[in-house]
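Novice: Supplied in structure tokens, the structure appears directly below.
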Amino acid sequence: MNKQKLSPRTFLCLMTVFLICLPSLSFGSGFGIFTQGASSLGQGAAVVAHNDSPDAIFYNPALINGLPGTQVEVGTTLIFADRKYKSASSTGKAAETEDDVFYPSTFYLTHALNESVSLGLGVFNPFGLATTWPDDWDGKYIATKSELTTFNINPVVSWRVIPQFTVAVGLDFVLLDSTLESKFPAGGSDGHTKFEGDGHGLGFNFGFLMKPTDTLSIGISYRSKVKVDVNGDISQSAPAIPYHYHASGSTSITLPQQVFAGIAYKPTDKLVMEMGIRWEDWSSFDELNVKYDGQSATTLRDWRSTFAFNVGGKYRINDRYAVSAGYLYGQNPIPDSTFDPSIPDSDVHLFCIGGEAQFGNFGATLSYAYQLQEDRTKTSNNSDRFGETANGEYDSDIHLLALSLRYKF
């Protein structure tokens, strides 16, 4: 077996590939997963100024003061992602990701201590999913299989200061675990690279709710940036040489600060409508610094801050049934100069519908959403660490089916 030291440049490429692949695993702009409950998905996530579901812990924890007693909600979202690539070369070679189904899940618990103070706990997957490309596609030296799992453990407390104003604060304990696999050229054939890494970080969140009238409410919430220290191990093998190698390295990645805002109008007891905006500071991901074997190297990312705009609403047919609908448009944070085939991100349009049923203390919500991502074309740019790799057109279609079950004690 041939063992040799991996060069810092090669190690940097491998670590960089791993970390920039993280966003490609999500279905939203950048790193984020924003389907944190079926009720919110059915309204296009326009639930920052009104919400009668415990998933308010994610969108605006100040809203949990409107939830009486003790409530528990569990849910999951089935995500069917189809990503396609067509080469810009004369061959027109095409590739498509495997038909995998992913299911980020949620758990929420709220408890009203009294008329003024409520407590909550959320456990959800803020970043994640996976992408699996064929072993022989044009970008095989960048990524073939990527998997990411994160958990955010988020305790919150909400205080209704006066009937017209509520404030809430919380902590974010973020855990990350991921695996990346790719190929590399090895003596006329391909070798195999596998990276496994994990890390954790700590942040905070808070929210405000203002109700100037009985029919109008304004909500604002904030999630801080979270620095995640990532430690990982890379293994390489090429049986044809033969060759085997193992190395360790570390880096950190900063998850962006986020601001959510919305204004809701309730013209009747049966109908509520909201329009909102989300800002994400992706400029925090301007570069990536990798430490390896006493050395340090940096690669440019140069991401930009983004906005998303949404509108949604819910109509209550009667005490038992309700329907909802929503739309969201979101910008992507990646400039053409660093667009990478492992991150086929683009501006998105999300179309949502949902239905809700209440049977005594038990409730169920089912929602469907279709995410249309605008086509994106890659040309040679600063991200070409392996030469002019996988230049061509990328398009994605994503279907989401969410189910949440709730019980009131």
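In the structure tokens, chains take the letters A, B, ... in the order shown, each chain's residues start at 1, and ligands count up from 1 in the order shown.
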Would you mind listing what lies within 7 Å of segment 192-198 of chain A as a ChimeraX atom specification, with only C-alpha atoms counted and same-chain residues fewer than 5 positions away left out?
Specialist: /A:176-184,230-238
Novice: What are the nearest atom pairs, with distances in Å to one decimal, for all residues of segment 204-232 of chain A that come at most 10 Å from segment 50-57 of chain A, using only C-alpha atoms, set out by chain and rising residue number as a tab-separated table?
Specialist:
residue	atom	partner	partner_atom	distance
A:Asn205	CA	A:Ile57	CA	9.8
A:Phe206	CA	A:Ile57	CA	9.8
A:Gly207	CA	A:Ile57	CA	9.5
A:Leu209	CA	A:His50	CA	8.8
A:Leu216	CA	A:His50	CA	9.5
A:Ser217	CA	A:His50	CA	7.2
A:Ile218	CA	A:His50	CA	8.2
A:Gly219	CA	A:His50	CA	7.6
Novice: What's around segment 348-355 of chain A at 6 Å? Count only C-alpha atoms, leave out sequence neighbours fewer than 3 positions away in its own chain, and write the answer as a PyMOL selection string.
Specialist: chain A and resi 42+44+322-330+365-373
Novice: So that I have them on file, write out the residues from the current selection with all heavy atoms, as a tab-separated table (two decimals), in the first residue's frame.
Specialist:
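Wrote it out as result-v9.tsv, contents follow:
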chain	number	residue	atom	x	y	z
A	42	GLY	N	-47.79	25.92	4.32
A	42	GLY	CA	-49.00	26.17	3.56
A	42	GLY	C	-49.28	27.65	3.33
A	42	GLY	O	-50.04	28.01	2.43
A	44	GLY	N	-46.71	29.88	2.81
A	44	GLY	CA	-45.51	30.46	2.21
A	44	GLY	C	-44.58	31.09	3.22
A	44	GLY	O	-43.84	32.01	2.91
A	322	ALA	N	-59.68	24.34	8.03
A	322	ALA	CA	-59.12	25.58	7.51
A	322	ALA	C	-58.27	25.27	6.28
A	322	ALA	O	-57.76	24.15	6.14
A	322	ALA	CB	-58.28	26.30	8.56
A	323	VAL	N	-58.14	26.23	5.39
A	323	VAL	CA	-57.30	26.08	4.21
A	323	VAL	C	-56.34	27.27	4.16
A	323	VAL	O	-56.60	28.33	4.73
A	323	VAL	CB	-58.12	26.02	2.91
A	323	VAL	CG1	-58.95	24.73	2.86
A	323	VAL	CG2	-59.02	27.24	2.77
A	324	SER	N	-55.20	27.08	3.47
A	324	SER	CA	-54.19	28.12	3.41
A	324	SER	C	-53.52	28.13	2.04
A	324	SER	O	-53.58	27.14	1.29
A	324	SER	CB	-53.14	27.93	4.51
A	324	SER	OG	-52.52	26.66	4.39
A	325	ALA	N	-52.86	29.23	1.73
A	325	ALA	CA	-52.12	29.35	0.48
A	325	ALA	C	-51.05	30.42	0.67
A	325	ALA	O	-51.17	31.30	1.54
A	325	ALA	CB	-53.04	29.71	-0.69
A	326	GLY	N	-49.98	30.34	-0.15
A	326	GLY	CA	-48.92	31.32	-0.04
A	326	GLY	C	-47.97	31.27	-1.22
A	326	GLY	O	-47.97	30.32	-2.02
A	327	TYR	N	-47.15	32.31	-1.32
A	327	TYR	CA	-46.13	32.41	-2.37
A	327	TYR	C	-44.90	33.08	-1.79
A	327	TYR	O	-45.01	34.02	-0.98
A	327	TYR	CB	-46.66	33.21	-3.56
A	327	TYR	CG	-45.57	33.63	-4.52
A	327	TYR	CD1	-45.03	32.73	-5.44
A	327	TYR	CD2	-45.05	34.93	-4.49
A	327	TYR	CE1	-44.02	33.10	-6.31
A	327	TYR	CE2	-44.03	35.32	-5.36
A	327	TYR	CZ	-43.52	34.41	-6.27
A	327	TYR	OH	-42.51	34.78	-7.12
A	328	LEU	N	-43.72	32.62	-2.21
A	328	LEU	CA	-42.46	33.22	-1.77
A	328	LEU	C	-41.52	33.34	-2.94
A	328	LEU	O	-41.39	32.41	-3.76
A	328	LEU	CB	-41.81	32.37	-0.67
A	328	LEU	CG	-40.46	32.83	-0.11
A	328	LEU	CD1	-40.34	32.49	1.38
A	328	LEU	CD2	-39.29	32.18	-0.87
A	329	TYR	N	-40.86	34.49	-3.04
A	329	TYR	CA	-39.77	34.68	-3.99
A	329	TYR	C	-38.50	34.94	-3.21
A	329	TYR	O	-38.46	35.80	-2.32
A	329	TYR	CB	-40.04	35.86	-4.92
A	329	TYR	CG	-38.82	36.26	-5.72
A	329	TYR	CD1	-38.39	35.49	-6.79
A	329	TYR	CD2	-38.08	37.40	-5.37
A	329	TYR	CE1	-37.26	35.83	-7.51
A	329	TYR	CE2	-36.94	37.75	-6.08
A	329	TYR	CZ	-36.53	36.97	-7.15
A	329	TYR	OH	-35.39	37.30	-7.85
A	330	GLY	N	-37.44	34.20	-3.51
A	330	GLY	CA	-36.19	34.35	-2.78
A	330	GLY	C	-35.00	34.53	-3.70
A	330	GLY	O	-34.87	33.84	-4.72
A	365	THR	N	-52.18	19.04	10.13
A	365	THR	CA	-52.04	19.94	9.00
A	365	THR	C	-51.23	19.26	7.91
A	365	THR	O	-50.19	18.65	8.19
A	365	THR	CB	-51.34	21.25	9.41
A	365	THR	OG1	-52.05	21.86	10.48
A	365	THR	CG2	-51.28	22.22	8.25
A	366	LEU	N	-51.71	19.36	6.67
A	366	LEU	CA	-51.02	18.78	5.52
A	366	LEU	C	-50.85	19.89	4.49
A	366	LEU	O	-51.81	20.58	4.13
A	366	LEU	CB	-51.83	17.63	4.93
A	366	LEU	CG	-51.22	16.90	3.72
A	366	LEU	CD1	-49.97	16.14	4.15
A	366	LEU	CD2	-52.24	15.96	3.10
A	367	SER	N	-49.61	20.07	4.00
A	367	SER	CA	-49.34	21.13	3.04
A	367	SER	C	-48.47	20.61	1.91
A	367	SER	O	-47.66	19.69	2.10
A	367	SER	CB	-48.63	22.31	3.72
A	367	SER	OG	-49.44	22.90	4.71
A	368	TYR	N	-48.63	21.25	0.75
A	368	TYR	CA	-47.81	20.91	-0.42
A	368	TYR	C	-47.23	22.20	-0.99
A	368	TYR	O	-47.89	23.25	-1.00
A	368	TYR	CB	-48.65	20.22	-1.49
A	368	TYR	CG	-47.94	20.16	-2.83
A	368	TYR	CD1	-46.96	19.20	-3.08
A	368	TYR	CD2	-48.24	21.08	-3.84
A	368	TYR	CE1	-46.30	19.16	-4.31
A	368	TYR	CE2	-47.59	21.04	-5.06
A	368	TYR	CZ	-46.61	20.08	-5.29
A	368	TYR	OH	-45.94	20.05	-6.48
A	369	ALA	N	-45.98	22.10	-1.47
A	369	ALA	CA	-45.35	23.26	-2.11
A	369	ALA	C	-44.52	22.80	-3.30
A	369	ALA	O	-43.92	21.71	-3.27
A	369	ALA	CB	-44.48	24.02	-1.12
A	370	TYR	N	-44.51	23.62	-4.31
A	370	TYR	CA	-43.67	23.39	-5.48
A	370	TYR	C	-42.66	24.52	-5.58
A	370	TYR	O	-43.03	25.70	-5.60
A	370	TYR	CB	-44.50	23.32	-6.77
A	370	TYR	CG	-43.66	23.32	-8.02
A	370	TYR	CD1	-42.82	22.25	-8.31
A	370	TYR	CD2	-43.70	24.39	-8.91
A	370	TYR	CE1	-42.04	22.25	-9.46
A	370	TYR	CE2	-42.94	24.39	-10.06
A	370	TYR	CZ	-42.10	23.32	-10.33
A	370	TYR	OH	-41.32	23.32	-11.46
A	371	GLN	N	-41.38	24.16	-5.60
A	371	GLN	CA	-40.32	25.16	-5.70
A	371	GLN	C	-39.71	25.13	-7.08
A	371	GLN	O	-39.13	24.14	-7.50
A	371	GLN	CB	-39.23	24.92	-4.65
A	371	GLN	CG	-38.09	25.94	-4.76
A	371	GLN	CD	-37.14	25.88	-3.60
A	371	GLN	OE1	-37.57	25.98	-2.44
A	371	GLN	NE2	-35.86	25.70	-3.87
A	372	LEU	N	-39.85	26.23	-7.78
A	372	LEU	CA	-39.27	26.40	-9.11
A	372	LEU	C	-38.01	27.24	-8.98
A	372	LEU	O	-38.07	28.39	-8.52
A	372	LEU	CB	-40.27	27.08	-10.04
A	372	LEU	CG	-39.73	27.48	-11.42
A	372	LEU	CD1	-39.36	26.25	-12.23
A	372	LEU	CD2	-40.75	28.34	-12.16
A	373	GLN	N	-36.89	26.67	-9.36
A	373	GLN	CA	-35.64	27.42	-9.35
A	373	GLN	C	-35.29	27.86	-10.76
A	373	GLN	O	-35.34	27.06	-11.70
A	373	GLN	CB	-34.49	26.57	-8.78
A	373	GLN	CG	-34.67	26.28	-7.30
A	373	GLN	CD	-33.41	25.77	-6.64
A	373	GLN	OE1	-33.45	24.79	-5.91
A	373	GLN	NE2	-32.29	26.43	-6.88
Novice: Could you name the residues that touch segment 64-73 of chain A at 6 Å or less, counting only C-alpha atoms, but leaving out those on the same chain fewer than 2 positions away, as an MDAnalysis selection string?
Specialist: chainID A and resid 61:62 107:112 118 405:409
Novice: Taking the DSSP secondary structure from the backbone, can you list the residues of segment 13-244 of chain A that are alpha helix (DSSP H), as a list in words?
Specialist: Cys13, Leu14, Met15, Thr16, Val17, Phe18, Leu19, Ile20, Cys21, Ala38, Ser39, Ser40, Leu41, Gly42, Ala56, Ile57, Phe58 and Tyr59 of chain A
Novice: Just the selected residues (N, CA and C atoms), exported as a short mmCIF file (atom, residue, chain, number, x, y, z; two decimals), in the first residue's frame, please.
Specialist:
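again11.cif, freshly written:
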data_model
loop_
_atom_site.label_atom_id
_atom_site.label_comp_id
_atom_site.auth_asym_id
_atom_site.auth_seq_id
_atom_site.Cartn_x
_atom_site.Cartn_y
_atom_site.Cartn_z
N CYS A 13 -8.28 22.08 -1.39
CA CYS A 13 -9.33 21.86 -2.38
C CYS A 13 -10.40 20.93 -1.84
N LEU A 14 -9.97 19.85 -1.19
CA LEU A 14 -10.91 18.86 -0.68
C LEU A 14 -11.77 19.44 0.44
N MET A 15 -11.14 20.15 1.37
CA MET A 15 -11.90 20.75 2.47
C MET A 15 -12.84 21.83 1.94
N THR A 16 -12.37 22.62 0.96
CA THR A 16 -13.21 23.66 0.38
C THR A 16 -14.42 23.06 -0.29
N VAL A 17 -14.20 22.00 -1.07
CA VAL A 17 -15.30 21.33 -1.74
C VAL A 17 -16.33 20.87 -0.73
N PHE A 18 -15.88 20.28 0.37
CA PHE A 18 -16.82 19.81 1.39
C PHE A 18 -17.68 20.95 1.91
N LEU A 19 -17.04 22.06 2.29
CA LEU A 19 -17.79 23.10 2.95
C LEU A 19 -18.67 23.90 2.01
N ILE A 20 -18.25 24.09 0.77
CA ILE A 20 -19.14 24.82 -0.12
C ILE A 20 -20.24 23.92 -0.62
N CYS A 21 -20.13 22.61 -0.43
CA CYS A 21 -21.23 21.72 -0.81
C CYS A 21 -22.37 21.81 0.20
N ALA A 38 -45.86 22.29 8.86
CA ALA A 38 -46.82 22.23 7.76
C ALA A 38 -47.69 23.48 7.69
N SER A 39 -48.06 24.02 8.85
CA SER A 39 -48.92 25.20 8.86
C SER A 39 -48.22 26.39 8.21
N SER A 40 -46.96 26.60 8.54
CA SER A 40 -46.21 27.72 7.97
C SER A 40 -45.93 27.49 6.49
N LEU A 41 -45.63 26.25 6.08
CA LEU A 41 -45.38 25.98 4.67
C LEU A 41 -46.60 26.29 3.83
N GLY A 42 -47.79 25.92 4.32
CA GLY A 42 -49.00 26.17 3.56
C GLY A 42 -49.28 27.65 3.33
N ALA A 56 -44.24 28.64 15.57
CA ALA A 56 -43.90 30.05 15.80
C ALA A 56 -42.56 30.18 16.51
N ILE A 57 -42.12 29.14 17.22
CA ILE A 57 -40.81 29.17 17.88
C ILE A 57 -39.72 29.50 16.88
N PHE A 58 -39.84 28.97 15.65
CA PHE A 58 -38.83 29.24 14.63
C PHE A 58 -39.02 30.62 14.02
N TYR A 59 -40.23 30.99 13.65
CA TYR A 59 -40.45 32.21 12.88
C TYR A 59 -40.51 33.47 13.73
#
Novice: Using DSSP assignments from the backbone, pull out every residue in segment 173-369 of chain A that falls under strand (DSSP E or B) and give it to me as a PyMOL selection string.
Specialist: chain A and resi 173-186+189-210+216-223+226-238+243-255+258-265+271-280+287-292+295-300+306-316+321-330+348-359+362-369
Novice: What's the 10 Å shell around Val117 of chain A, counting only C-alpha atoms, without same-chain residues fewer than 2 positions away, as a count of residues only?
Specialist: 16
Novice: Which one is closest to Phe127 of chain A: A:Ile220, A:Val174, A:Ala143, A:Val101? Count only C-alpha atoms.
Specialist: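 Comparing A:Ile220, A:Val174, A:Ala143, A:Val101 against Phe127 of chain A, the winner is A:Val174.
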Novice: With only C-alpha atoms as the basis for distance, which of A:Gln331, A:Thr149, A:Ser116, A:Thr268 is at the shortest distance from Pro163 of chain A?
Specialist: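 So, comparing all the options, the nearest one is A:Ser116.
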Novice: Taking only C-alpha atoms into account, produce a table as JSON lines in which each residue of segment 47-165 of chain A with an atom at most 12 Å from an atom of segment 390-403 of chain A appears once, together with its shortest atom pair and the distance in Å to one decimal, ordered by chain and rising number.
Specialist:
{"residue": "A:Glu73", "atom": "CA", "partner": "A:Leu403", "partner_atom": "CA", "distance": 10.4}
{"residue": "A:Val74", "atom": "CA", "partner": "A:Leu403", "partner_atom": "CA", "distance": 8.5}
{"residue": "A:Gly75", "atom": "CA", "partner": "A:Leu403", "partner_atom": "CA", "distance": 5.5}
{"residue": "A:Thr76", "atom": "CA", "partner": "A:Leu403", "partner_atom": "CA", "distance": 5.7}
{"residue": "A:Thr77", "atom": "CA", "partner": "A:Ala402", "partner_atom": "CA", "distance": 4.1}
{"residue": "A:Leu78", "atom": "CA", "partner": "A:Leu401", "partner_atom": "CA", "distance": 5.1}
{"residue": "A:Ile79", "atom": "CA", "partner": "A:Leu400", "partner_atom": "CA", "distance": 4.7}
{"residue": "A:Phe80", "atom": "CA", "partner": "A:His399", "partner_atom": "CA", "distance": 5.1}
{"residue": "A:Ala81", "atom": "CA", "partner": "A:Ile398", "partner_atom": "CA", "distance": 4.4}
{"residue": "A:Asp82", "atom": "CA", "partner": "A:Asp397", "partner_atom": "CA", "distance": 5.4}
{"residue": "A:Arg83", "atom": "CA", "partner": "A:Ser396", "partner_atom": "CA", "distance": 4.4}
{"residue": "A:Lys84", "atom": "CA", "partner": "A:Asp395", "partner_atom": "CA", "distance": 5.4}
{"residue": "A:Tyr85", "atom": "CA", "partner": "A:Tyr394", "partner_atom": "CA", "distance": 4.7}
{"residue": "A:Lys86", "atom": "CA", "partner": "A:Glu393", "partner_atom": "CA", "distance": 5.3}
{"residue": "A:Ser87", "atom": "CA", "partner": "A:Gly392", "partner_atom": "CA", "distance": 4.3}
{"residue": "A:Ala88", "atom": "CA", "partner": "A:Gly392", "partner_atom": "CA", "distance": 4.2}
{"residue": "A:Ser89", "atom": "CA", "partner": "A:Gly392", "partner_atom": "CA", "distance": 7.6}
{"residue": "A:Ser90", "atom": "CA", "partner": "A:Gly392", "partner_atom": "CA", "distance": 10.8}
{"residue": "A:Thr91", "atom": "CA", "partner": "A:Gly392", "partner_atom": "CA", "distance": 11.1}
{"residue": "A:Gly92", "atom": "CA", "partner": "A:Gly392", "partner_atom": "CA", "distance": 8.6}
{"residue": "A:Lys93", "atom": "CA", "partner": "A:Gly392", "partner_atom": "CA", "distance": 9.3}
{"residue": "A:Ala94", "atom": "CA", "partner": "A:Gly392", "partner_atom": "CA", "distance": 9.3}
{"residue": "A:Ala95", "atom": "CA", "partner": "A:Tyr394", "partner_atom": "CA", "distance": 9.7}
{"residue": "A:Glu96", "atom": "CA", "partner": "A:Ser396", "partner_atom": "CA", "distance": 9.7}
{"residue": "A:Thr97", "atom": "CA", "partner": "A:Ser396", "partner_atom": "CA", "distance": 9.8}
{"residue": "A:Asp99", "atom": "CA", "partner": "A:Ile398", "partner_atom": "CA", "distance": 11.0}
{"residue": "A:Asp100", "atom": "CA", "partner": "A:Ile398", "partner_atom": "CA", "distance": 11.4}
{"residue": "A:Val101", "atom": "CA", "partner": "A:Leu400", "partner_atom": "CA", "distance": 9.9}
{"residue": "A:Phe102", "atom": "CA", "partner": "A:Leu400", "partner_atom": "CA", "distance": 9.7}
{"residue": "A:Tyr103", "atom": "CA", "partner": "A:Ala402", "partner_atom": "CA", "distance": 9.0}
{"residue": "A:Pro104", "atom": "CA", "partner": "A:Ala402", "partner_atom": "CA", "distance": 9.7}
{"residue": "A:Ser105", "atom": "CA", "partner": "A:Ala402", "partner_atom": "CA", "distance": 9.4}
{"residue": "A:Thr106", "atom": "CA", "partner": "A:Leu403", "partner_atom": "CA", "distance": 10.2}
{"residue": "A:Thr131", "atom": "CA", "partner": "A:Ser396", "partner_atom": "CA", "distance": 11.7}
{"residue": "A:Asp136", "atom": "CA", "partner": "A:Ala390", "partner_atom": "CA", "distance": 11.6}
{"residue": "A:Trp137", "atom": "CA", "partner": "A:Ala390", "partner_atom": "CA", "distance": 8.4}
{"residue": "A:Asp138", "atom": "CA", "partner": "A:Ala390", "partner_atom": "CA", "distance": 5.1}
{"residue": "A:Gly139", "atom": "CA", "partner": "A:Ala390", "partner_atom": "CA", "distance": 5.2}
{"residue": "A:Lys140", "atom": "CA", "partner": "A:Ala390", "partner_atom": "CA", "distance": 8.9}
{"residue": "A:Tyr141", "atom": "CA", "partner": "A:Ala390", "partner_atom": "CA", "distance": 9.7}
{"residue": "A:Ile142", "atom": "CA", "partner": "A:Ala390", "partner_atom": "CA", "distance": 9.2}
{"residue": "A:Ala143", "atom": "CA", "partner": "A:Ala390", "partner_atom": "CA", "distance": 11.1}
Novice: Atom CA of Asp302 of chain A and atom CA of Thr379 of chain A, how far apart in Å?
Specialist: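 Computing it gives 16.8 Å between the two atoms.
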